[in-house]
>>> print(open('upload.cif').read())   # mmCIF, C-alpha atoms (C1' of nucleotides)
data_coords
#
loop_
_atom_site.label_atom_id
_atom_site.label_comp_id
_atom_site.auth_asym_id
_atom_site.auth_seq_id
_atom_site.Cartn_x
_atom_site.Cartn_y
_atom_site.Cartn_z
CA MET A 28 87.59 197.60 95.75
CA GLN A 29 90.33 197.30 93.50
CA ILE A 30 92.88 199.63 92.02
CA SER A 31 90.73 201.14 89.34
CA LYS A 32 90.98 200.61 85.65
CA LYS A 33 92.48 204.06 85.29
CA CYS A 34 95.87 202.56 86.05
CA SER A 35 95.53 200.01 83.26
CA ILE A 36 94.31 202.64 80.85
CA ALA A 37 97.23 204.88 81.79
CA ILE A 38 99.68 202.09 81.06
CA HIS A 39 97.97 201.37 77.77
CA CYS A 40 98.29 205.03 76.81
CA LEU A 41 101.92 205.19 77.82
CA VAL A 42 102.84 202.11 75.83
CA PHE A 43 101.04 203.60 72.86
CA ILE A 44 102.73 206.97 73.20
CA ASN A 45 106.08 205.31 73.66
CA GLU A 46 105.59 203.29 70.46
CA TYR A 47 104.02 205.90 68.23
CA GLY A 48 104.54 209.27 69.88
CA ARG A 49 107.47 210.16 67.65
CA GLN A 50 105.83 209.31 64.34
CA LYS A 51 102.19 210.14 64.81
CA LYS A 52 100.23 212.81 66.58
CA VAL A 53 98.77 210.90 69.48
CA THR A 54 95.56 212.65 70.46
CA SER A 55 93.06 211.77 73.14
CA GLU A 56 90.68 210.86 70.34
CA LEU A 57 93.10 208.30 68.95
CA LEU A 58 93.81 206.85 72.38
CA SER A 59 90.12 206.67 73.06
CA LEU A 60 89.74 204.44 70.00
CA SER A 61 92.67 202.24 70.98
CA THR A 62 91.62 201.81 74.61
CA GLY A 63 87.92 201.65 73.93
CA CYS A 64 87.04 204.24 76.49
CA ASN A 65 85.84 207.79 76.56
CA PRO A 66 88.01 210.69 75.27
CA VAL A 67 87.30 212.64 78.44
CA THR A 68 88.50 209.78 80.60
CA ILE A 69 91.65 209.71 78.49
CA ARG A 70 92.14 213.45 78.81
CA ASN A 71 91.79 213.27 82.57
CA ILE A 72 94.35 210.50 82.76
CA LEU A 73 96.76 212.22 80.38
CA SER A 74 96.35 215.39 82.36
CA SER A 75 97.44 213.61 85.54
CA LEU A 76 100.42 212.04 83.78
CA LYS A 77 101.38 215.42 82.44
CA LYS A 78 101.30 217.01 85.90
CA GLU A 79 103.58 214.24 87.08
CA GLY A 80 106.05 215.12 84.32
CA ILE A 81 105.73 211.75 82.62
CA ILE A 82 104.42 213.02 79.32
CA ALA A 83 104.18 216.35 77.52
CA ILE A 84 101.09 217.63 75.75
CA PRO A 85 101.34 220.81 73.72
CA PHE A 86 98.25 222.81 74.58
CA GLY A 87 96.11 223.77 71.65
CA THR A 88 97.87 221.76 68.98
CA GLY A 89 97.78 218.43 70.78
CA GLY A 90 99.74 215.19 70.47
CA ALA A 91 101.30 213.53 73.52
CA THR A 92 104.96 212.60 73.74
CA MET A 93 107.09 210.93 76.41
CA GLU A 94 108.81 213.33 78.74
CA ALA A 95 110.84 210.74 80.69
CA PRO A 96 112.56 207.51 79.61
CA PRO A 97 110.45 204.39 80.28
CA GLU A 98 113.16 202.97 82.53
CA ASP A 99 112.65 205.84 84.94
CA ILE A 100 108.88 205.48 85.22
CA SER A 101 107.60 202.99 87.78
CA LEU A 102 104.12 201.55 88.07
CA TYR A 103 103.95 203.18 91.46
CA GLN A 104 104.49 206.59 89.90
CA ILE A 105 101.75 205.92 87.36
CA CYS A 106 99.29 204.73 89.99
CA GLN A 107 100.00 207.68 92.22
CA ALA A 108 99.60 210.12 89.36
CA VAL A 109 96.31 208.69 88.24
CA GLU A 110 94.79 207.86 91.61
CA PRO A 111 96.72 209.43 94.47
CA ASP A 112 95.20 207.50 97.35
CA ALA A 113 94.48 204.17 95.72
CA ILE A 114 97.04 202.35 97.83
CA GLY A 115 96.05 204.13 101.02
CA LYS A 116 92.50 202.89 100.81
CA LEU A 117 93.34 199.59 99.22
CA MET A 118 91.81 197.60 102.04
CA GLY A 119 88.48 198.92 103.19
CA ILE A 120 87.70 199.25 106.87
CA HIS A 121 84.11 199.02 108.07
CA ALA A 122 82.89 202.45 109.11
CA SER A 123 80.91 202.12 112.31
CA PRO A 124 82.06 199.56 114.85
CA SER A 125 80.50 199.92 118.29
CA PRO A 126 82.26 202.34 120.65
CA PHE A 127 80.78 200.34 123.54
CA CYS A 128 82.79 197.23 122.70
CA PRO A 129 86.52 197.01 123.46
CA VAL A 130 87.16 195.39 120.11
CA GLY A 131 84.98 197.91 118.31
CA ARG A 132 86.75 200.84 119.94
CA ASN A 133 90.20 199.70 118.89
CA ILE A 134 89.80 197.74 115.69
CA GLY A 135 90.21 200.78 113.46
CA ARG A 136 93.63 201.63 114.80
CA VAL A 137 94.70 197.98 114.84
CA LEU A 138 93.66 197.37 111.25
CA GLY A 139 95.30 200.62 110.20
CA LYS A 140 98.63 199.51 111.59
CA THR A 141 98.32 196.01 110.18
CA TYR A 142 97.36 197.17 106.72
CA GLN A 143 100.18 199.68 106.69
CA THR A 144 102.62 196.80 106.41
CA VAL A 145 100.78 195.34 103.47
CA GLN A 146 100.55 198.69 101.76
CA ASN A 147 104.27 199.24 102.14
CA ASP A 148 104.96 195.88 100.56
CA LEU A 149 102.62 196.68 97.71
CA THR A 150 104.29 200.03 97.20
CA ASP A 151 107.69 198.39 96.99
CA SER A 152 106.35 195.90 94.50
CA LEU A 153 104.92 198.62 92.27
CA LYS A 154 108.11 200.61 92.52
CA SER A 155 110.14 197.64 91.35
CA ILE A 156 108.37 197.47 87.98
CA SER A 157 109.18 200.04 85.33
CA LEU A 158 107.30 201.03 82.22
CA GLN A 159 110.27 199.59 80.32
CA ASN A 160 109.46 196.19 81.80
CA VAL A 161 105.94 196.50 80.45
CA VAL A 162 107.20 197.63 77.05
CA ASP A 163 109.54 194.64 76.90
CA GLU A 164 106.61 192.39 77.73
CA TYR A 165 104.64 194.07 74.97
CA HIS A 166 107.35 193.49 72.38
CA ALA A 167 107.55 189.87 73.42
CA ALA A 168 103.79 189.55 72.97
CA ILE A 169 103.95 191.18 69.54
CA ALA A 170 106.74 188.86 68.45
CA GLN A 171 104.88 185.82 69.64
CA ALA A 172 101.66 186.81 67.93
CA GLU A 173 103.22 186.51 64.49
CA MET B 17 88.41 198.92 93.38
CA GLN B 18 89.59 197.67 96.72
CA ILE B 19 89.69 194.57 98.84
CA SER B 20 86.25 194.83 100.34
CA LYS B 21 85.38 195.56 103.90
CA LYS B 22 84.48 191.92 104.37
CA CYS B 23 88.11 191.22 105.14
CA SER B 24 88.19 193.85 107.88
CA ILE B 25 84.92 192.62 109.31
CA ALA B 26 86.22 189.06 109.29
CA ILE B 27 89.31 190.11 111.24
CA HIS B 28 87.15 192.03 113.70
CA CYS B 29 85.02 188.95 114.24
CA LEU B 30 88.03 186.68 114.68
CA VAL B 31 89.65 188.98 117.23
CA PHE B 32 86.35 189.08 119.08
CA ILE B 33 85.90 185.32 119.00
CA ASN B 34 89.48 184.82 120.06
CA GLU B 35 88.99 187.13 123.06
CA TYR B 36 85.54 186.07 124.19
CA GLY B 37 84.74 182.79 122.46
CA ARG B 38 85.58 180.72 125.52
CA GLN B 39 83.55 182.71 128.01
CA LYS B 40 80.55 183.95 126.08
CA LYS B 41 78.31 182.59 123.40
CA VAL B 42 79.37 184.65 120.42
CA THR B 43 76.40 184.85 118.08
CA SER B 44 76.06 186.64 114.78
CA GLU B 45 73.70 189.02 116.55
CA LEU B 46 76.37 189.97 119.06
CA LEU B 47 79.01 190.40 116.38
CA SER B 48 76.62 192.50 114.36
CA LEU B 49 76.38 194.89 117.31
CA SER B 50 80.13 195.02 117.79
CA THR B 51 80.97 195.51 114.12
CA GLY B 52 78.04 197.78 113.34
CA CYS B 53 76.98 195.80 110.34
CA ASN B 54 74.18 193.50 109.38
CA PRO B 55 73.70 190.08 111.04
CA VAL B 56 73.32 188.45 107.63
CA THR B 57 76.60 189.92 106.46
CA ILE B 58 78.17 188.49 109.59
CA ARG B 59 76.62 185.10 109.05
CA ASN B 60 77.90 184.99 105.48
CA ILE B 61 81.39 185.87 106.62
CA LEU B 62 81.35 183.39 109.51
CA SER B 63 80.06 180.76 107.15
CA SER B 64 83.07 181.27 104.86
CA LEU B 65 85.48 181.15 107.79
CA LYS B 66 83.83 177.96 108.98
CA LYS B 67 84.23 176.28 105.60
CA GLU B 68 87.90 177.19 105.71
CA GLY B 69 88.20 175.43 109.08
CA ILE B 70 89.14 178.61 110.91
CA ILE B 71 86.20 178.66 113.31
CA ALA B 72 83.53 176.24 114.47
CA ILE B 73 79.86 177.09 114.75
CA PRO B 74 77.50 174.53 116.28
CA PHE B 75 74.44 174.57 114.07
CA GLY B 76 71.19 175.18 115.83
CA THR B 77 72.59 176.20 119.19
CA GLY B 78 75.06 178.82 117.90
CA GLY B 79 78.15 180.44 119.36
CA ALA B 80 81.37 180.64 117.36
CA THR B 81 84.71 179.36 118.66
CA MET B 82 88.22 179.27 117.24
CA GLU B 83 89.09 176.06 115.47
CA ALA B 84 92.75 176.87 114.77
CA PRO B 85 95.38 178.73 116.80
CA PRO B 86 95.77 182.40 115.76
CA GLU B 87 99.44 181.82 114.90
CA ASP B 88 98.40 179.45 112.14
CA ILE B 89 95.89 181.78 110.50
CA SER B 90 97.29 184.22 107.96
CA LEU B 91 95.60 187.29 106.56
CA TYR B 92 95.88 185.63 103.19
CA GLN B 93 93.81 182.71 104.40
CA ILE B 94 91.17 185.07 105.77
CA CYS B 95 90.99 187.08 102.58
CA GLN B 96 90.76 183.99 100.45
CA ALA B 97 88.04 182.51 102.62
CA VAL B 98 85.94 185.64 102.56
CA GLU B 99 86.55 186.77 99.00
CA PRO B 100 88.21 184.07 96.91
CA ASP B 101 89.19 186.16 93.92
CA ALA B 102 89.89 189.50 95.56
CA ILE B 103 93.60 189.33 94.80
CA GLY B 104 93.11 188.01 91.29
CA LYS B 105 91.09 191.02 90.27
CA LEU B 106 92.90 193.50 92.46
CA MET B 107 93.93 195.64 89.54
CA GLY B 108 91.15 196.20 87.06
CA ILE B 109 91.80 195.93 83.34
CA HIS B 110 89.72 197.94 80.90
CA ALA B 111 87.35 195.67 79.08
CA SER B 112 87.26 196.61 75.43
CA PRO B 113 90.51 197.79 73.85
CA SER B 114 90.44 197.92 70.08
CA PRO B 115 91.32 194.67 68.29
CA PHE B 116 92.40 196.78 65.32
CA CYS B 117 95.28 198.35 67.22
CA PRO B 118 98.48 196.41 67.97
CA VAL B 119 98.57 197.81 71.48
CA GLY B 120 94.88 197.12 72.00
CA ARG B 121 95.21 193.54 70.84
CA ASN B 122 98.02 192.72 73.25
CA ILE B 123 97.56 194.97 76.24
CA GLY B 124 95.36 192.49 78.10
CA ARG B 125 97.97 189.76 78.07
CA VAL B 126 100.77 192.19 78.86
CA LEU B 127 98.96 193.69 81.84
CA GLY B 128 98.00 190.25 83.06
CA LYS B 129 101.63 189.17 83.18
CA THR B 130 102.76 192.40 84.75
CA TYR B 131 100.10 192.40 87.41
CA GLN B 132 100.81 188.78 88.22
CA THR B 133 104.10 189.85 89.74
CA VAL B 134 102.40 192.44 91.90
CA GLN B 135 99.74 189.98 92.99
CA ASN B 136 102.36 187.45 93.99
CA ASP B 137 104.10 190.04 96.10
CA LEU B 138 100.83 191.01 97.73
CA THR B 139 100.03 187.39 98.43
CA ASP B 140 103.39 186.90 100.11
CA SER B 141 102.80 189.99 102.19
CA LEU B 142 99.39 188.79 103.36
CA LYS B 143 100.78 185.36 104.10
CA SER B 144 103.46 186.85 106.30
CA ILE B 145 100.95 188.36 108.74
CA SER B 146 99.14 186.09 111.17
CA LEU B 147 96.02 186.67 113.18
CA GLN B 148 98.27 186.47 116.23
CA ASN B 149 100.11 189.56 114.99
CA VAL B 150 96.79 191.38 114.84
CA VAL B 151 95.81 190.14 118.31
CA ASP B 152 99.13 191.37 119.69
CA GLU B 153 98.50 194.73 118.08
CA TYR B 154 95.06 194.75 119.67
CA HIS B 155 96.40 194.04 123.14
CA ALA B 156 98.93 196.81 122.69
CA ALA B 157 96.14 199.19 121.72
CA ILE B 158 94.04 198.16 124.74
CA ALA B 159 96.98 198.67 127.08
CA GLN B 160 97.72 202.08 125.64
CA ALA B 161 94.11 203.22 125.84
CA GLU B 162 94.11 203.01 129.62
"C1'" DA C 22 56.65 167.43 120.88
"C1'" DA C 23 56.51 172.27 120.89
"C1'" DT C 24 58.89 176.31 121.27
"C1'" DA C 25 62.66 179.59 121.50
"C1'" DG C 26 66.86 181.05 119.81
"C1'" DA C 27 70.24 180.10 116.52
"C1'" DT C 28 72.30 179.40 111.74
"C1'" DG C 29 72.22 179.06 106.34
"C1'" DT C 30 71.00 181.06 102.20
"C1'" DA C 31 68.30 183.07 98.39
"C1'" DA C 32 66.21 187.17 96.48
"C1'" DT C 33 65.48 191.85 96.55
"C1'" DT C 34 66.38 196.67 97.61
"C1'" DC C 35 69.47 200.39 98.79
"C1'" DT C 36 73.55 203.05 98.34
"C1'" DA C 37 77.88 204.83 97.11
"C1'" DA C 38 81.61 204.95 93.96
"C1'" DA C 39 83.31 204.63 89.31
"C1'" DT C 40 82.64 205.72 84.75
"C1'" DC C 41 80.43 207.88 80.80
"C1'" DT C 42 78.41 211.69 78.68
"C1'" DT C 43 77.39 216.37 77.69
"C1'" DA C 44 78.76 220.92 77.51
"C1'" DC C 45 81.63 224.58 76.92
"C1'" DA C 46 85.80 227.66 77.62
"C1'" DC C 47 90.29 228.06 75.89
"C1'" DC C 48 94.44 227.51 72.85
"C1'" DG C 49 97.31 227.57 68.49
"C1'" DC C 50 98.07 226.86 63.80
"C1'" DA C 51 96.68 227.12 58.90
"C1'" DT D 28 88.66 233.24 61.60
"C1'" DG D 29 87.75 228.55 61.60
"C1'" DC D 30 89.25 223.88 62.67
"C1'" DG D 31 91.19 220.47 65.56
"C1'" DG D 32 92.86 219.97 69.84
"C1'" DT D 33 93.07 220.23 75.28
"C1'" DG D 34 91.07 221.26 80.19
"C1'" DT D 35 87.44 220.80 83.33
"C1'" DA D 36 82.95 221.05 85.51
"C1'" DA D 37 78.34 219.10 86.15
"C1'" DG D 38 75.01 215.66 85.59
"C1'" DA D 39 73.47 210.94 84.20
"C1'" DT D 40 74.37 206.19 84.16
"C1'" DT D 41 76.19 201.89 85.54
"C1'" DT D 42 77.75 198.70 88.65
"C1'" DA D 43 79.47 196.44 92.69
"C1'" DG D 44 79.03 196.17 97.58
"C1'" DA D 45 76.27 195.94 101.50
"C1'" DA D 46 71.78 195.92 103.85
"C1'" DT D 47 67.38 194.06 104.21
"C1'" DT D 48 63.66 190.81 104.03
"C1'" DA D 49 62.13 186.29 104.17
"C1'" DC D 50 62.10 181.74 105.29
"C1'" DA D 51 63.87 176.85 105.89
"C1'" DT D 52 66.33 174.26 109.21
"C1'" DC D 53 68.63 172.81 113.27
"C1'" DT D 54 69.23 171.79 118.63
"C1'" DA D 55 68.48 172.26 123.47
"C1'" DT D 56 65.06 173.08 126.79
"C1'" DT D 57 60.66 173.06 128.79
#
>>> encode(input="upload.cif", output="structure tokens")
Amino acid sequence: MQISKKCSIAIHCLVFINEYGRQKKVTSELLSLSTGCNPVTIRNILSSLKKEGIIAIPFGTGGATMEAPPEDISLYQICQAVEPDAIGKLMGIHASPSPFCPVGRNIGRVLGKTYQTVQNDLTDSLKSISLQNVVDEYHAAIAQAE
Amino acid sequence: MQISKKCSIAIHCLVFINEYGRQKKVTSELLSLSTGCNPVTIRNILSSLKKEGIIAIPFGTGGATMEAPPEDISLYQICQAVEPDAIGKLMGIHASPSPFCPVGRNIGRVLGKTYQTVQNDLTDSLKSISLQNVVDEYHAAIAQAE
DNA sequence: AATAGATGTAATTCTAAATCTTACACCGCA
DNA sequence: TGCGGTGTAAGATTTAGAATTACATCTATT
């Protein structure tokens, strides 16, 4: 599998909120139009980001705003918020190897250890990229598009 | 989504072949028993590994053997053989952002660039682990189990 | 040369996970 | 008090992965 689209959608939302959150009331409806996906999906994602303290959403009245500066938000944090065990189950392990075979009996543990290394590296990589980096990239793209 | 189980199954098969390939005739049937998954799945995986030059399978008579030393086979190579674009589409991007929104228009390109960094790091990580590392881990597990 | 035991691969079915949709309770401001 | 918003549960839908079925083909052995 892959790290689900939720992560991409979350980033999209955050860039949007960061750009327009001060001027406009950014509702889940609006974000649903911009991202092209369901308002409920958006609300679930925003809800996770809120719990993580990344954004604030006034209950009742609505309109999301940034709660932390983009420099302090890493992709890792976003991924974790939106899909807590995405990295843990990044690499699938086949469920039912034979307990009668020496390889079958041990492969689970062996793969677990091996994949741990990879997952740590991936974690570091995601931690090294901040939302600000993405925003900078976005501004560069905007500038180039003109 | 995640890197599919094929990669884990492939590693299982390679460890098995590396351990027993010289003594026994390792058929897809046998590996299907050890891994607990379908013989056809196994054959597809072995076929990919064969094309990559990692193992040899005499057609007709059967029985897989290692074609390269485990030190020279990286996890990256195995993943690529078994699932060529797993890393490329590791992180899913939502398909239909609005072309009428500045963020929507550019988010695809921005995410692509951002994720590229992560994918490169992951690639490096997978390249740094050899099948020999896994085999060592396996022998350690065997020793400990006694 | 005929057969048994393999592999190679296409096409279909099955299954599980992700996503969408519907529905509704709750909140706060005008 | 009604309107526009969030929060969340439950069910339907979609889709990707894996299993299954089916069969052509190959090689060593009898």
>>> closest_atom_pairs(input="upload.cif", of="chain B", to="chain C", cutoff="7 Å", atoms="only C-alpha atoms (C1' of nucleotides)", output="JSON lines")
{"residue": "B:Phe75", "atom": "CA", "partner": "C:DT28", "partner_atom": "C1'", "distance": 5.8}
{"residue": "B:Gly76", "atom": "CA", "partner": "C:DA27", "partner_atom": "C1'", "distance": 5.1}
{"residue": "B:Thr77", "atom": "CA", "partner": "C:DA27", "partner_atom": "C1'", "distance": 5.3}
{"residue": "B:Gly78", "atom": "CA", "partner": "C:DA27", "partner_atom": "C1'", "distance": 5.2}
>>> calpha_fit_and_write(input="upload.cif", fixed="chain B", moving="chain A", output="short mmCIF file (atom, residue, chain, number, x, y, z; two decimals) with C-alpha atoms, in the coordinates of the input")
data_model
loop_
_atom_site.label_atom_id
_atom_site.label_comp_id
_atom_site.auth_asym_id
_atom_site.auth_seq_id
_atom_site.Cartn_x
_atom_site.Cartn_y
_atom_site.Cartn_z
CA MET A 28 88.37 198.69 93.68
CA GLN A 29 89.72 197.70 96.83
CA ILE A 30 89.78 194.55 98.87
CA SER A 31 86.32 194.80 100.33
CA LYS A 32 85.39 195.54 103.87
CA LYS A 33 84.48 191.90 104.36
CA CYS A 34 88.12 191.20 105.13
CA SER A 35 88.19 193.83 107.87
CA ILE A 36 84.92 192.61 109.29
CA ALA A 37 86.24 189.04 109.28
CA ILE A 38 89.31 190.10 111.22
CA HIS A 39 87.17 192.02 113.67
CA CYS A 40 85.04 188.93 114.23
CA LEU A 41 88.04 186.69 114.67
CA VAL A 42 89.65 188.98 117.21
CA PHE A 43 86.36 189.08 119.07
CA ILE A 44 85.91 185.32 119.00
CA ASN A 45 89.48 184.81 120.06
CA GLU A 46 89.00 187.13 123.04
CA TYR A 47 85.55 186.10 124.17
CA GLY A 48 84.73 182.82 122.45
CA ARG A 49 85.57 180.75 125.51
CA GLN A 50 83.55 182.74 128.02
CA LYS A 51 80.56 183.99 126.10
CA LYS A 52 78.32 182.64 123.40
CA VAL A 53 79.38 184.68 120.42
CA THR A 54 76.41 184.86 118.09
CA SER A 55 76.05 186.64 114.78
CA GLU A 56 73.71 189.03 116.55
CA LEU A 57 76.38 189.99 119.05
CA LEU A 58 79.01 190.40 116.36
CA SER A 59 76.62 192.49 114.35
CA LEU A 60 76.39 194.91 117.27
CA SER A 61 80.15 195.01 117.76
CA THR A 62 80.99 195.51 114.08
CA GLY A 63 78.06 197.75 113.31
CA CYS A 64 76.97 195.78 110.32
CA ASN A 65 74.16 193.48 109.37
CA PRO A 66 73.70 190.05 111.03
CA VAL A 67 73.31 188.44 107.62
CA THR A 68 76.60 189.90 106.44
CA ILE A 69 78.18 188.48 109.59
CA ARG A 70 76.62 185.08 109.03
CA ASN A 71 77.89 184.97 105.47
CA ILE A 72 81.39 185.84 106.61
CA LEU A 73 81.33 183.38 109.51
CA SER A 74 80.05 180.75 107.15
CA SER A 75 83.05 181.25 104.87
CA LEU A 76 85.46 181.13 107.81
CA LYS A 77 83.81 177.96 109.00
CA LYS A 78 84.21 176.27 105.60
CA GLU A 79 87.87 177.18 105.73
CA GLY A 80 88.18 175.43 109.09
CA ILE A 81 89.13 178.60 110.94
CA ILE A 82 86.20 178.66 113.31
CA ALA A 83 83.51 176.24 114.46
CA ILE A 84 79.83 177.08 114.75
CA PRO A 85 77.50 174.55 116.32
CA PHE A 86 74.44 174.48 114.11
CA GLY A 87 71.20 175.21 115.86
CA THR A 88 72.59 176.23 119.23
CA GLY A 89 75.03 178.82 117.94
CA GLY A 90 78.14 180.47 119.37
CA ALA A 91 81.38 180.63 117.37
CA THR A 92 84.70 179.37 118.68
CA MET A 93 88.22 179.27 117.24
CA GLU A 94 89.08 176.07 115.48
CA ALA A 95 92.75 176.87 114.78
CA PRO A 96 95.38 178.74 116.81
CA PRO A 97 95.77 182.40 115.77
CA GLU A 98 99.43 181.82 114.91
CA ASP A 99 98.40 179.44 112.16
CA ILE A 100 95.90 181.76 110.51
CA SER A 101 97.28 184.22 107.98
CA LEU A 102 95.59 187.28 106.56
CA TYR A 103 95.87 185.62 103.19
CA GLN A 104 93.81 182.69 104.41
CA ILE A 105 91.16 185.04 105.77
CA CYS A 106 90.99 187.06 102.57
CA GLN A 107 90.76 183.96 100.44
CA ALA A 108 88.03 182.50 102.61
CA VAL A 109 85.93 185.62 102.56
CA GLU A 110 86.54 186.74 98.99
CA PRO A 111 88.22 184.04 96.92
CA ASP A 112 89.24 186.13 93.93
CA ALA A 113 89.90 189.48 95.55
CA ILE A 114 93.61 189.33 94.81
CA GLY A 115 93.12 188.02 91.30
CA LYS A 116 91.07 191.01 90.28
CA LEU A 117 92.89 193.48 92.46
CA MET A 118 93.92 195.63 89.53
CA GLY A 119 91.16 196.22 87.04
CA ILE A 120 91.80 195.93 83.34
CA HIS A 121 89.71 197.95 80.89
CA ALA A 122 87.33 195.65 79.06
CA SER A 123 87.26 196.62 75.41
CA PRO A 124 90.48 197.81 73.83
CA SER A 125 90.44 197.96 70.04
CA PRO A 126 91.33 194.71 68.26
CA PHE A 127 92.43 196.83 65.29
CA CYS A 128 95.30 198.41 67.20
CA PRO A 129 98.49 196.46 67.95
CA VAL A 130 98.57 197.85 71.46
CA GLY A 131 94.88 197.17 71.98
CA ARG A 132 95.22 193.58 70.80
CA ASN A 133 98.02 192.76 73.22
CA ILE A 134 97.57 194.99 76.24
CA GLY A 135 95.36 192.51 78.07
CA ARG A 136 97.95 189.78 78.05
CA VAL A 137 100.76 192.21 78.86
CA LEU A 138 98.95 193.71 81.82
CA GLY A 139 97.99 190.25 83.02
CA LYS A 140 101.61 189.18 83.15
CA THR A 141 102.75 192.42 84.75
CA TYR A 142 100.08 192.39 87.41
CA GLN A 143 100.80 188.77 88.21
CA THR A 144 104.08 189.86 89.75
CA VAL A 145 102.38 192.43 91.92
CA GLN A 146 99.73 189.98 92.99
CA ASN A 147 102.34 187.44 94.00
CA ASP A 148 104.09 190.04 96.11
CA LEU A 149 100.82 190.99 97.74
CA THR A 150 100.04 187.36 98.44
CA ASP A 151 103.39 186.89 100.13
CA SER A 152 102.80 189.98 102.20
CA LEU A 153 99.39 188.78 103.37
CA LYS A 154 100.78 185.35 104.12
CA SER A 155 103.47 186.84 106.32
CA ILE A 156 100.95 188.35 108.75
CA SER A 157 99.14 186.09 111.18
CA LEU A 158 96.01 186.67 113.19
CA GLN A 159 98.28 186.47 116.24
CA ASN A 160 100.10 189.55 114.99
CA VAL A 161 96.79 191.38 114.84
CA VAL A 162 95.81 190.16 118.30
CA ASP A 163 99.13 191.38 119.69
CA GLU A 164 98.50 194.74 118.08
CA TYR A 165 95.06 194.76 119.66
CA HIS A 166 96.40 194.06 123.14
CA ALA A 167 98.93 196.83 122.70
CA ALA A 168 96.13 199.21 121.71
CA ILE A 169 94.05 198.18 124.72
CA ALA A 170 96.98 198.70 127.06
CA GLN A 171 97.71 202.10 125.63
CA ALA A 172 94.11 203.24 125.85
CA GLU A 173 94.12 203.05 129.63
#
>>> atom_distance(input="upload.cif", atom1="atom C1' of DG32 of chain D", atom2="atom CA of Glu56 of chain A")
9.4 Å
>>> interface_residues(input="upload.cif", of="chain D", to="chain B", cutoff="12 Å", atoms="only C-alpha atoms (C1' of nucleotides)", output="PyMOL selection string")
chain D and resi 42-49+52-56
>>> atom_distance(input="upload.cif", atom1="atom CA of Leu49 of chain B", atom2="atom CA of Ile145 of chain B")
26.8 Å
>>> interface_residues(input="upload.cif", of="chain B", to="chain A", cutoff="7 Å", atoms="only C-alpha atoms", output="short mmCIF file (atom, residue, chain, number, x, y, z; two decimals) with C-alpha atoms, in the coordinates of the input")
data_model
loop_
_atom_site.label_atom_id
_atom_site.label_comp_id
_atom_site.auth_asym_id
_atom_site.auth_seq_id
_atom_site.Cartn_x
_atom_site.Cartn_y
_atom_site.Cartn_z
CA MET B 17 88.41 198.92 93.38
CA GLN B 18 89.59 197.67 96.72
CA ILE B 19 89.69 194.57 98.84
CA SER B 20 86.25 194.83 100.34
CA LYS B 21 85.38 195.56 103.90
CA SER B 24 88.19 193.85 107.88
CA ILE B 25 84.92 192.62 109.31
CA HIS B 28 87.15 192.03 113.70
CA PHE B 32 86.35 189.08 119.08
CA LEU B 49 76.38 194.89 117.31
CA SER B 50 80.13 195.02 117.79
CA THR B 51 80.97 195.51 114.12
CA GLY B 52 78.04 197.78 113.34
CA LEU B 106 92.90 193.50 92.46
CA MET B 107 93.93 195.64 89.54
CA GLY B 108 91.15 196.20 87.06
CA ILE B 109 91.80 195.93 83.34
CA HIS B 110 89.72 197.94 80.90
CA SER B 112 87.26 196.61 75.43
CA PRO B 113 90.51 197.79 73.85
CA SER B 114 90.44 197.92 70.08
CA CYS B 117 95.28 198.35 67.22
CA VAL B 119 98.57 197.81 71.48
CA GLY B 120 94.88 197.12 72.00
CA ASN B 122 98.02 192.72 73.25
CA ILE B 123 97.56 194.97 76.24
CA VAL B 126 100.77 192.19 78.86
CA THR B 130 102.76 192.40 84.75
CA VAL B 134 102.40 192.44 91.90
CA ASP B 137 104.10 190.04 96.10
CA LEU B 138 100.83 191.01 97.73
CA SER B 141 102.80 189.99 102.19
CA LEU B 142 99.39 188.79 103.36
CA VAL B 150 96.79 191.38 114.84
CA GLU B 153 98.50 194.73 118.08
CA TYR B 154 95.06 194.75 119.67
CA ALA B 157 96.14 199.19 121.72
#
>>> atom_distance(input="upload.cif", atom1="atom CA of Asn60 of chain B", atom2="atom CA of Gln132 of chain B")
28.9 Å
>>> residues_near_point(input="upload.cif", point="(98.1, 181.4, 117.9)", cutoff="10 Å", atoms="only C-alpha atoms (C1' of nucleotides)", output="JSON, numbers by chain")
{"B": [34, 84, 85, 86, 87, 88, 89, 146, 147, 148, 149, 151]}
>>> closest_residue(input="upload.cif", among="B:Ala159, B:Gly104, B:Tyr36, B:Glu99", to="Ile61 of chain B", atoms="all atoms listed in the file")
B:Glu99
>>> build_atoms(input="upload.cif", residues="segment 19-24 of chain B", atoms="N, CA and C atoms", output="mmCIF file, in the frame of the given file")
data_model
loop_
_atom_site.group_PDB
_atom_site.id
_atom_site.type_symbol
_atom_site.label_atom_id
_atom_site.label_comp_id
_atom_site.auth_asym_id
_atom_site.auth_seq_id
_atom_site.Cartn_x
_atom_site.Cartn_y
_atom_site.Cartn_z
ATOM 1 N N ILE B 19 90.053 195.800 98.136
ATOM 2 C CA ILE B 19 89.690 194.570 98.840
ATOM 3 C C ILE B 19 88.582 194.964 99.801
ATOM 4 N N SER B 20 87.457 194.328 99.667
ATOM 5 C CA SER B 20 86.250 194.830 100.340
ATOM 6 C C SER B 20 86.377 194.796 101.854
ATOM 7 N N LYS B 21 85.413 195.450 102.448
ATOM 8 C CA LYS B 21 85.380 195.560 103.900
ATOM 9 C C LYS B 21 85.185 194.210 104.568
ATOM 10 N N LYS B 22 84.718 193.250 103.800
ATOM 11 C CA LYS B 22 84.480 191.920 104.370
ATOM 12 C C LYS B 22 85.716 191.425 105.112
ATOM 13 N N CYS B 23 86.863 191.685 104.535
ATOM 14 C CA CYS B 23 88.110 191.220 105.140
ATOM 15 C C CYS B 23 88.308 191.854 106.513
ATOM 16 N N SER B 24 88.068 193.147 106.600
ATOM 17 C CA SER B 24 88.190 193.850 107.880
ATOM 18 C C SER B 24 87.180 193.326 108.891
#
